[in-house]
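The structure file data10.txt is reproduced below (compact mmCIF, C-alpha atoms).
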```
# COMPACT_ATOMS: atom_id res chain seq x y z
CA MET A 11 194.81 158.55 153.28
CA ALA A 12 191.75 160.63 153.77
CA ASP A 13 189.79 157.54 154.83
CA PHE A 14 192.51 156.71 157.37
CA ARG A 15 192.42 160.14 158.84
CA GLN A 16 188.65 160.05 158.88
CA THR A 17 188.59 156.65 160.58
CA PHE A 18 191.56 156.73 162.97
CA LEU A 19 192.15 160.43 163.57
CA PRO A 20 188.75 161.93 164.19
CA CYS A 21 190.08 163.24 167.45
CA LEU A 22 191.85 165.96 165.51
CA ASN A 23 188.46 167.55 165.17
CA SER A 24 188.08 169.88 168.10
CA SER A 25 184.37 169.05 168.32
CA TRP A 26 185.19 165.58 169.81
CA THR A 27 185.40 165.29 173.55
CA GLU A 28 188.35 163.49 175.29
CA GLU A 29 186.18 160.56 176.40
CA GLN A 30 184.93 159.99 172.82
CA CYS A 31 188.51 160.01 171.51
CA THR A 32 189.58 157.37 174.10
CA ARG A 33 186.76 155.03 173.15
CA LEU A 34 187.51 155.41 169.45
CA ASN A 35 191.21 154.61 169.98
CA MET A 36 190.33 151.37 171.85
CA VAL A 37 188.16 150.23 168.93
CA ALA A 38 190.99 151.04 166.50
CA GLY A 39 193.46 148.88 168.54
CA TRP A 40 191.22 145.81 168.30
CA LYS A 41 190.93 146.25 164.55
CA VAL A 42 194.73 146.25 164.21
CA ALA A 43 194.95 143.00 166.29
CA VAL A 44 192.33 141.30 164.14
CA TYR A 45 193.77 142.38 160.77
CA VAL A 46 197.49 141.77 161.59
CA VAL A 47 198.00 139.18 164.36
CA LEU A 48 195.37 136.67 163.23
CA PRO A 49 196.86 136.18 159.72
CA LEU A 50 200.29 135.61 161.26
CA MET A 51 198.91 132.89 163.53
CA LEU A 52 197.18 131.17 160.62
CA LEU A 53 200.41 131.27 158.63
CA CYS A 54 202.40 129.57 161.44
CA ILE A 55 199.78 126.83 161.75
CA ALA A 56 199.90 126.21 158.00
CA ILE A 57 203.71 125.90 158.04
CA ALA A 58 203.59 123.40 160.94
CA LEU A 59 201.01 121.23 159.16
CA LEU A 60 203.10 121.29 156.00
CA CYS A 61 206.21 120.08 157.89
CA ILE A 62 204.26 117.22 159.47
CA TYR A 63 202.88 116.21 156.08
CA LEU A 64 206.32 116.18 154.45
CA LYS A 65 207.83 114.15 157.30
CA ARG A 66 205.11 111.51 157.10
CA ARG A 67 205.38 111.37 153.33
CA ARG A 68 209.11 110.78 153.48
CA LEU A 69 208.64 108.06 156.10
CA ARG A 70 206.06 106.30 153.89
CA GLN A 71 208.45 106.47 150.95
CA TYR A 72 211.27 104.93 152.96
CA THR A 73 208.99 102.18 154.31
CA SER A 74 207.71 101.21 150.89
CA MET A 75 211.26 101.19 149.51
CA LYS A 76 212.43 98.93 152.34
CA LYS A 77 209.59 96.45 151.76
CA ALA A 78 210.30 96.35 148.05
CA ARG A 79 214.05 95.89 148.36
CA GLY A 80 214.25 93.55 151.36
CA PRO A 81 216.80 93.63 154.20
CA VAL A 82 220.33 94.90 153.62
CA THR A 83 223.39 93.55 155.42
CA ILE A 84 226.55 95.61 155.73
CA SER A 85 229.73 93.58 156.23
CA PRO A 86 231.78 94.37 159.32
CA SER A 87 234.78 94.81 157.06
CA ARG A 88 233.26 98.07 155.70
CA THR A 89 234.73 100.22 158.39
CA SER A 90 237.10 102.61 156.66
CA ILE A 91 236.75 103.86 153.08
CA LYS A 92 240.17 105.45 153.03
CA SER A 93 241.97 102.27 154.13
CA HIS A 94 240.17 100.20 151.46
CA GLN A 95 240.94 102.74 148.75
CA SER A 96 244.63 102.92 149.66
CA SER A 97 244.95 99.12 149.72
CA SER A 98 243.19 98.73 146.37
CA GLU A 99 245.36 101.36 144.70
CA SER A 100 248.56 99.73 146.00
CA SER A 101 247.56 96.19 145.01
CA GLY A 102 245.88 97.09 141.75
CA THR A 103 242.81 94.97 142.49
CA PRO A 104 239.32 96.44 142.67
CA LEU A 105 237.42 96.49 145.95
CA ALA A 106 234.93 93.69 146.46
CA GLU A 107 232.89 95.67 148.98
CA GLU A 108 232.59 99.34 149.88
CA PHE A 109 230.75 101.33 152.51
CA TRP A 110 227.47 102.69 151.13
CA VAL A 111 224.65 104.88 152.38
CA PRO A 112 221.07 104.83 151.00
CA VAL A 113 219.76 108.33 150.13
CA LEU A 114 216.15 109.00 149.15
CA LYS A 115 215.53 111.13 146.10
CA PRO A 116 212.73 113.57 146.90
CA GLY A 117 211.09 113.69 143.47
CA GLY A 118 208.51 111.47 141.98
CA GLY A 119 206.18 110.65 144.89
CA GLU A 120 205.87 107.20 146.43
CA ALA A 121 205.68 105.32 143.16
CA GLY A 122 208.58 107.20 141.66
CA SER A 123 210.84 107.22 144.69
CA ALA A 124 214.33 105.89 144.12
CA VAL A 125 217.41 105.04 146.17
CA GLU A 126 220.80 106.46 145.39
CA LEU A 127 223.72 104.37 146.69
CA VAL A 128 226.84 106.28 147.60
CA GLY A 129 230.04 104.22 147.19
CA SER A 130 232.50 102.99 144.60
CA GLN A 131 231.16 99.45 144.33
CA VAL A 132 227.89 98.14 145.75
CA GLN A 133 226.71 94.59 145.87
CA PRO A 134 223.07 93.98 144.92
CA PHE A 135 220.50 93.23 147.55
CA SER A 136 220.38 89.54 148.45
CA ARG A 137 217.18 87.66 149.14
CA ARG A 138 216.52 86.45 152.65
CA ARG A 139 217.41 82.82 153.14
CA PRO A 140 214.66 80.56 154.47
CA SER A 141 216.77 79.31 157.39
CA MET A 142 220.17 79.66 159.02
CA SER A 143 220.79 75.99 158.28
CA ALA A 144 221.10 76.87 154.59
CA ARG A 145 224.45 78.53 155.37
CA LEU A 146 225.84 75.50 157.23
CA GLU A 147 227.92 72.82 155.60
CA ASN A 148 227.72 69.29 156.94
CA SER A 149 231.35 68.73 156.02
CA SER A 150 232.44 71.28 158.65
CA PHE A 151 231.17 69.10 161.53
CA ASP A 152 233.77 66.67 162.81
CA PRO A 153 232.73 64.37 165.70
CA ASN A 154 236.37 64.16 166.74
CA SER A 155 236.80 67.93 166.94
CA GLU A 156 238.02 69.69 170.08
CA MET A 157 234.58 71.20 170.70
CA TYR A 158 232.94 67.80 171.17
CA LYS A 159 235.82 66.63 173.37
CA ARG A 160 235.21 69.56 175.71
CA LEU A 161 231.50 68.77 175.81
CA GLU A 162 232.21 65.17 176.80
CA MET A 163 234.57 66.34 179.54
CA MET A 164 231.89 68.64 180.90
CA LYS A 165 229.38 65.77 181.00
CA THR A 166 231.74 63.40 182.79
CA LYS A 167 233.16 66.03 185.14
CA GLU A 168 232.93 65.09 188.82
CA PRO A 169 231.08 67.34 191.26
CA THR A 170 233.13 70.21 192.59
CA ILE A 171 234.75 69.70 195.99
CA GLU A 172 233.74 72.15 198.67
CA TYR A 173 236.67 74.17 200.01
CA ALA A 174 237.25 74.04 203.78
CA GLY A 175 240.73 75.55 204.10
CA GLU A 176 244.39 74.59 203.52
CA LEU A 177 246.82 72.40 205.46
CA HIS A 178 250.62 72.76 205.64
CA PHE A 179 252.61 69.69 206.69
CA ALA A 180 255.91 67.90 206.08
CA LEU A 181 256.88 64.21 205.65
CA HIS A 182 260.12 62.40 206.40
CA TYR A 183 260.69 58.65 206.10
CA ASN A 184 263.56 56.77 207.72
CA LYS A 185 264.13 53.62 205.65
CA ASP A 186 266.52 52.03 208.16
CA MET A 187 264.04 52.25 211.03
CA GLY A 188 260.86 52.13 208.93
CA ILE A 189 259.37 55.20 210.64
CA LEU A 190 257.30 57.85 208.87
CA THR A 191 257.37 61.21 210.66
CA ILE A 192 254.53 63.64 209.96
CA ARG A 193 255.10 67.22 211.01
CA LEU A 194 251.85 69.16 211.31
CA ILE A 195 252.79 72.81 210.71
CA GLN A 196 249.71 74.98 210.30
CA ALA A 197 246.28 75.42 208.73
CA ARG A 198 244.64 78.51 207.30
CA ASP A 199 241.32 79.80 205.95
CA LEU A 200 239.28 77.34 208.03
CA GLN A 201 235.52 77.69 207.94
CA PRO A 202 233.92 79.29 211.04
CA ARG A 203 230.93 78.02 212.92
CA GLU A 204 227.54 79.22 211.82
CA PHE A 205 226.83 81.29 214.94
CA SER A 206 230.10 82.13 216.70
CA GLY A 207 232.10 83.18 213.62
CA THR A 208 235.16 81.24 214.85
CA ALA A 209 236.24 77.63 215.55
CA ASP A 210 238.22 75.40 217.93
CA PRO A 211 240.10 73.20 215.43
CA TYR A 212 242.26 70.13 215.89
CA PHE A 213 243.37 67.23 213.65
CA LYS A 214 243.22 63.46 213.92
CA ILE A 215 245.91 61.74 211.85
CA SER A 216 245.91 58.12 210.75
CA VAL A 217 247.58 55.99 208.07
CA LEU A 218 245.09 53.87 206.17
CA PRO A 219 244.28 51.03 206.26
CA ASP A 220 245.57 51.07 209.89
CA GLU A 221 242.69 53.31 210.96
CA PRO A 222 242.52 52.17 214.64
CA ARG A 223 245.92 53.80 215.24
CA THR A 224 244.93 57.46 215.29
CA LEU A 225 246.92 60.35 216.74
CA GLN A 226 245.42 63.68 217.75
CA SER A 227 246.85 67.19 217.80
CA LYS A 228 246.20 69.88 220.38
CA ILE A 229 243.02 71.93 220.33
CA HIS A 230 243.47 75.57 219.33
CA ARG A 231 240.78 77.85 220.70
CA LYS A 232 238.91 80.50 218.70
CA THR A 233 241.07 80.66 215.59
CA LEU A 234 240.71 80.00 211.88
CA ASP A 235 244.50 79.98 211.20
CA PRO A 236 245.98 77.64 213.84
CA GLU A 237 249.74 76.93 214.06
CA PHE A 238 250.43 73.43 215.38
CA GLU A 239 254.15 72.62 215.01
CA GLU A 240 253.64 69.03 216.21
CA LYS A 241 255.24 65.76 215.08
CA PHE A 242 253.63 62.31 214.78
CA ALA A 243 255.42 59.05 214.05
CA PHE A 244 254.05 55.90 212.39
CA GLU A 245 255.91 52.63 211.92
CA ILE A 246 255.51 51.47 208.32
CA PRO A 247 257.67 48.81 206.59
CA PRO A 248 259.24 50.00 203.29
CA THR A 249 257.38 47.32 201.33
CA ASP A 250 253.98 48.55 202.60
CA LEU A 251 254.70 52.24 202.04
CA PRO A 252 253.24 52.55 198.47
CA ASN A 253 249.96 50.98 199.65
CA ARG A 254 249.34 53.39 202.50
CA THR A 255 247.35 56.65 202.55
CA ILE A 256 247.71 59.42 205.11
CA ARG A 257 244.40 60.84 206.32
CA PHE A 258 244.04 64.14 208.17
CA LEU A 259 240.60 64.67 209.73
CA LEU A 260 239.76 68.21 210.83
CA PHE A 261 237.47 68.47 213.86
CA ASP A 262 235.76 71.41 215.55
CA TYR A 263 235.67 71.02 219.32
CA ASP A 264 232.30 71.51 221.03
CA GLN A 265 232.16 71.32 224.81
CA PHE A 266 228.41 70.62 224.85
CA SER A 267 228.20 67.78 222.32
CA ARG A 268 230.21 65.48 220.12
CA ASP A 269 232.94 67.14 218.07
CA GLU A 270 232.04 67.63 214.44
CA CYS A 271 234.34 66.52 211.61
CA VAL A 272 234.38 69.40 209.14
CA GLY A 273 237.17 68.50 206.69
CA GLN A 274 239.70 65.96 205.52
CA VAL A 275 242.91 65.58 203.50
CA LEU A 276 243.85 62.27 201.83
CA LEU A 277 247.40 61.73 200.55
CA PRO A 278 248.27 58.41 198.84
CA LEU A 279 251.95 57.70 199.49
CA GLU A 280 252.44 55.96 196.15
CA ASN A 281 252.47 59.41 194.52
CA VAL A 282 255.01 60.93 196.94
CA ASP A 283 258.78 60.65 196.67
CA LEU A 284 259.99 60.07 200.25
CA SER A 285 263.66 59.72 199.42
CA GLU A 286 264.09 63.10 201.05
CA ARG A 287 262.08 65.43 203.27
CA VAL A 288 258.87 66.66 201.61
CA GLU A 289 256.87 69.78 202.56
CA LEU A 290 253.37 70.20 201.11
CA TRP A 291 250.31 72.46 201.06
CA LYS A 292 247.04 70.59 200.51
CA MET A 293 243.45 71.78 200.21
CA ILE A 294 241.12 70.62 202.97
CA GLU A 295 237.97 69.10 201.50
CA SER A 296 234.68 69.54 203.26
CA TYR A 297 233.77 66.33 205.08
CA LYS A 298 230.09 65.52 204.87
CA ILE A 299 228.46 62.15 205.44
CA ARG A 300 225.78 61.42 202.88
CA THR A 301 222.47 61.00 204.60
CA PRO A 302 218.97 60.49 203.21
CA GLU A 303 217.18 63.59 202.08
CA LYS A 304 215.88 65.47 205.09
CA LYS A 305 212.70 67.36 205.56
CA PRO A 306 212.72 71.17 205.56
CA ASP A 307 215.23 72.65 208.01
CA LEU A 308 213.28 73.86 211.05
CA GLY A 309 216.29 74.31 213.34
CA ASP A 310 218.24 72.24 215.86
CA LEU A 311 217.93 71.50 219.57
CA LEU A 312 220.85 70.75 221.90
CA MET A 313 219.84 68.64 224.90
CA THR A 314 221.08 65.94 227.23
CA ALA A 315 219.25 63.12 228.97
CA SER A 316 220.22 60.85 231.85
CA TYR A 317 218.41 58.23 233.92
CA LEU A 318 219.21 57.10 237.48
CA PRO A 319 217.68 53.63 238.00
CA THR A 320 218.10 53.56 241.77
CA ALA A 321 216.09 56.76 242.21
CA GLU A 322 213.92 56.11 239.11
CA ARG A 323 214.62 59.66 238.02
CA LEU A 324 214.85 60.91 234.44
CA THR A 325 216.63 64.24 233.94
CA ILE A 326 216.28 66.22 230.72
CA VAL A 327 218.57 69.25 230.35
CA ILE A 328 217.60 71.73 227.64
CA LEU A 329 220.76 73.62 226.70
CA LYS A 330 219.93 75.71 223.64
CA ALA A 331 218.41 75.80 220.14
CA ARG A 332 219.56 77.34 216.89
CA GLY A 333 218.24 78.27 213.47
CA LEU A 334 214.58 78.53 214.44
CA GLU A 335 212.17 79.94 211.88
CA ASN A 336 210.51 83.33 212.15
CA THR A 337 206.79 83.64 212.75
CA PRO A 338 204.34 83.90 209.81
CA HIS A 339 204.50 87.69 210.26
CA ASN A 340 208.29 87.55 209.72
CA LYS A 341 209.06 88.41 213.33
CA ARG A 342 211.45 86.67 215.70
CA PRO A 343 209.71 84.02 217.80
CA ASP A 344 209.28 83.78 221.58
CA PRO A 345 210.19 80.08 222.00
CA TYR A 346 210.00 77.72 224.92
CA VAL A 347 210.50 73.93 225.08
CA LYS A 348 207.75 71.59 226.23
CA VAL A 349 208.89 68.10 227.34
CA SER A 350 206.36 65.26 227.59
CA ILE A 351 206.66 61.64 228.73
CA LEU A 352 204.39 59.40 226.63
CA TYR A 353 203.42 55.80 227.37
CA ALA A 354 201.07 53.67 225.26
CA GLY A 355 199.93 56.75 223.36
CA LYS A 356 199.06 58.68 226.53
CA ARG A 357 200.84 61.69 227.97
CA LEU A 358 201.85 60.80 231.52
CA LYS A 359 203.76 63.94 232.50
CA LYS A 360 204.81 67.21 230.95
CA LYS A 361 206.93 70.21 231.86
CA LYS A 362 208.24 73.25 230.05
CA THR A 363 211.10 75.70 230.17
CA SER A 364 210.88 79.46 230.52
CA THR A 365 210.26 81.58 227.43
CA ARG A 366 213.01 83.40 225.56
CA HIS A 367 211.75 86.46 223.71
CA SER A 368 212.55 87.66 220.17
CA THR A 369 215.29 85.18 219.27
CA THR A 370 215.92 82.37 216.81
CA ASN A 371 218.86 81.02 218.85
CA PRO A 372 217.56 80.75 222.43
CA VAL A 373 219.77 79.58 225.32
CA TYR A 374 217.99 77.84 228.23
CA ASN A 375 220.35 75.74 230.39
CA GLU A 376 217.39 74.38 232.33
CA ALA A 377 216.95 70.90 233.83
CA LEU A 378 213.57 69.16 233.94
CA VAL A 379 213.26 66.13 236.27
CA PHE A 380 210.66 63.34 235.88
CA ASP A 381 209.92 60.32 238.08
CA VAL A 382 209.73 57.31 235.76
CA GLY A 383 209.63 53.71 237.01
CA ARG A 384 212.13 51.21 235.68
CA GLU A 385 209.34 48.98 234.34
CA PHE A 386 208.14 51.86 232.12
CA MET A 387 211.52 53.22 231.03
CA ASP A 388 212.02 50.82 228.11
CA HIS A 389 208.64 51.70 226.60
CA VAL A 390 208.26 55.44 227.09
CA TYR A 391 208.66 58.18 224.50
CA ILE A 392 210.42 61.44 225.33
CA GLU A 393 208.87 64.19 223.21
CA LEU A 394 210.43 67.65 223.08
CA VAL A 395 208.45 70.35 221.25
CA ILE A 396 209.60 73.93 220.66
CA VAL A 397 206.60 76.25 220.89
CA HIS A 398 206.24 79.91 219.96
CA GLU A 399 204.36 81.75 222.71
CA ASN A 400 201.73 83.89 221.01
CA ARG A 401 200.56 86.78 223.20
CA PHE A 402 197.37 87.45 221.22
CA GLY A 403 196.31 84.00 220.06
CA GLN A 404 197.01 80.29 220.14
CA ASN A 405 200.58 79.13 220.64
CA GLN A 406 202.31 77.74 217.57
CA GLY A 407 204.44 74.57 217.48
CA MET A 408 207.71 75.02 215.56
CA GLY A 409 209.20 71.50 215.58
CA LYS A 410 209.80 68.45 217.71
CA VAL A 411 212.31 65.76 218.69
CA VAL A 412 211.28 62.27 219.85
CA LEU A 413 213.61 59.89 221.72
CA SER A 414 212.56 56.26 222.02
CA ALA A 415 213.59 52.72 221.20
CA GLU A 416 211.73 53.09 217.88
CA SER A 417 213.51 56.28 216.80
CA GLU A 418 216.09 56.45 214.02
CA GLY A 419 219.43 58.11 213.40
CA GLU A 420 220.77 60.48 216.04
CA GLU A 421 217.66 60.10 218.18
CA LEU A 422 218.12 56.31 218.40
CA GLU A 423 221.84 56.68 219.23
CA HIS A 424 220.99 59.13 222.00
CA TRP A 425 218.39 56.73 223.39
CA LYS A 426 220.92 53.88 223.46
CA SER A 427 223.47 56.04 225.28
CA LEU A 428 220.74 56.97 227.79
CA ALA A 429 220.20 53.31 228.65
CA ALA A 430 223.91 52.41 228.67
CA SER A 431 225.28 55.20 230.85
CA ARG A 432 224.10 57.22 233.82
CA LYS A 433 225.95 60.30 232.63
CA GLY A 434 224.11 62.40 230.12
CA THR A 435 225.62 63.11 226.71
CA ALA A 436 224.74 66.35 224.95
CA ARG A 437 223.69 66.00 221.32
CA TRP A 438 222.24 68.18 218.61
CA HIS A 439 218.95 67.00 217.10
CA CYS A 440 217.23 68.29 213.96
CA LEU A 441 213.68 69.44 214.57
CA GLN A 442 211.02 67.43 212.74
CA PRO A 443 207.69 68.85 211.50
CA LEU A 444 204.70 68.49 213.77
CA GLN A 445 201.93 66.19 212.65
CA PRO A 446 198.56 67.94 212.19
CA ASP A 447 195.93 67.09 214.75
```

Just give me the structure of the file as structure tokens.
Amino acid sequence: MADFRQTFLPCLNSSWTEEQCTRLNMVAGWKVAVYVVLPLMLLCIAIALLCIYLKRRRLRQYTSMKKARGPVTISPSRTSIKSHQSSSESSGTPLAEEFWVPVLKPGGGEAGSAVELVGSQVQPFSRRRPSMSARLENSSFDPNSEMYKRLEMMKTKEPTIEYAGELHFALHYNKDMGILTIRLIQARDLQPREFSGTADPYFKISVLPDEPRTLQSKIHRKTLDPEFEEKFAFEIPPTDLPNRTIRFLLFDYDQFSRDECVGQVLLPLENVDLSERVELWKMIESYKIRTPEKKPDLGDLLMTASYLPTAERLTIVILKARGLENTPHNKRPDPYVKVSILYAGKRLKKKKTSTRHSTTNPVYNEALVFDVGREFMDHVYIELVIVHENRFGQNQGMGKVVLSAESEGEELEHWKSLAASRKGTARWHCLQPLQPD
């Protein structure tokens, strides 16, 4: 106590000045911090290191135990201990399986670690089987089982039919007069055009195999759910009735080109009881003609061509294009159409339309007139190329259409109609890739 007073309370001596006492008190405060706070910090660090050591030791014990024992599988039936206990007590039979929990005993280190299993009955650990096939029994596989029947049905299943809408109609057959009356009522959920979002539908009805006799309904403008309420009569003898098939062809009217058949309904009459009036709903199947595999879709061009022999004048009308590709920079193109007249591999004449900016579906409605002699007309090539007008570089060709006597498909049909008639017929043509120079 005397040492403490001598060390920490020298300021009680009146011989010390106030400044000396202040300095001495500051030194005493640092000594308290060193002798008290520092040991507490060291103690906390030691406790934290001890906790980390114990946690790692316990983890090593559990890992070594797991490697020694192997994997453990708990049956899904071990869900409720109480329910198993109650059922075993009522039946008098012991439980075959019980829910268990592995608990590590802390004593004994890694070598002496043990596992305590909590539960009434515990099955021993089973060794891992070399393969899942060891659990399978060949006797359980029956080639005539329902599973294999379903697989065979999936293999032989026909391709799915594309849905194009539904058709509502009624049939009535007069046996005395031999007349089949078809009442076309309505259609619904028809598929719209790609660009307009609507359609101008109508039906053509025929009774196969008498296909030349075809009757047509009225055209309904801009609707996907038309109501017809029209009647059509066909004369069919009663003996021929089971061998006939009614065909409904759905068309979409296009004022610029040929109408496109977009769906059909086929109804064999051998499966229909016509002893009384029949009213049916039938799904309209998408009608697509199988064509050879085409090249990548570059878009379509709608144009018409006509030739006047007396004036030796060839007129090409560029109506519009659709589905053009974007530029390499993923921007909308600025397309125009360049028309060339080729003869013997040489370009005799060429003209072009005006440019439409920032569109993949340009509309032109422009006529280009060429003077072509009759002696050259059978041997010329009409080449139409859609070109993207590049403001900062070279123009880029996007696709072409060639009409000539050596063309194929739609192009050849258009060329034949050009030679057969003076009136131009508008047709859609698929753009073909340009050949590299």

_Atomic separation - atom CA of A:His398 relative to atom CA of A:Gly333, Å_ =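 Atom-to-atom, atom CA of A:Gly333 to atom CA of A:His398, that is 13.7 Å.
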
_For stretch 400-411 of chain A: contacts at 10 Å, only C-alpha atoms, fewer than 5 positions along chain excluded, given as a ChimeraX atom specification_ = /A:307-311,334-337,343-349,392-395,417,421,439-445

*Record the distance separating atom CA of A:Met75 and atom CA of A:Ile62, expressed in Å with one decimal.*
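Between atom CA of A:Met75 and atom CA of A:Ile62 the gap works out to 20.1 Å.
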
*Expressed in Å to a single decimal, how great is the separation between atom CA of A:Leu260 and atom CA of A:Pro372?*
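Those two atoms sit 28.0 Å apart.
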
Give me the stretch 230-302 of chain A side of the contact with stretch 186-195 of chain A, cut-off 7 Å, one line per residue showing its nearest atom pair and distance in Å at one decimal, counting all atoms listed in the file, sorted by chain and residue number, as a tab-separated table.
```
residue	atom	partner	partner_atom	distance
A:Glu237	CA	A:Ile195	CA	6.1
A:Phe238	CA	A:Ile195	CA	5.3
A:Glu239	CA	A:Ile195	CA	4.5
A:Glu240	CA	A:Leu194	CA	5.2
A:Lys241	CA	A:Arg193	CA	4.3
A:Phe242	CA	A:Ile192	CA	5.1
A:Ala243	CA	A:Thr191	CA	4.5
A:Phe244	CA	A:Leu190	CA	5.2
A:Glu245	CA	A:Ile189	CA	4.5
A:Ile246	CA	A:Gly188	CA	5.4
A:Pro247	CA	A:Gly188	CA	5.2
A:Pro248	CA	A:Gly188	CA	6.2
```

_Which residue is closest to A:Glu289? Choose from A:Ala180, A:Leu413, A:Val47, A:Ile55 and count all atoms listed in the file._
A:Ala180

*From A:Leu259, A:Val275, A:Ile229, A:Met313, residue lying nearest A:Gly434 [only C-alpha atoms]*: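 Checking each of A:Leu259, A:Val275, A:Ile229, A:Met313 against A:Gly434, counting only C-alpha atoms, the winner is A:Met313.
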
_A:Tyr263, A:Trp438, A:Tyr173, A:Tyr374 ranked by distance to A:Gly419, top pick (using all atoms listed in the file)_ = A:Trp438
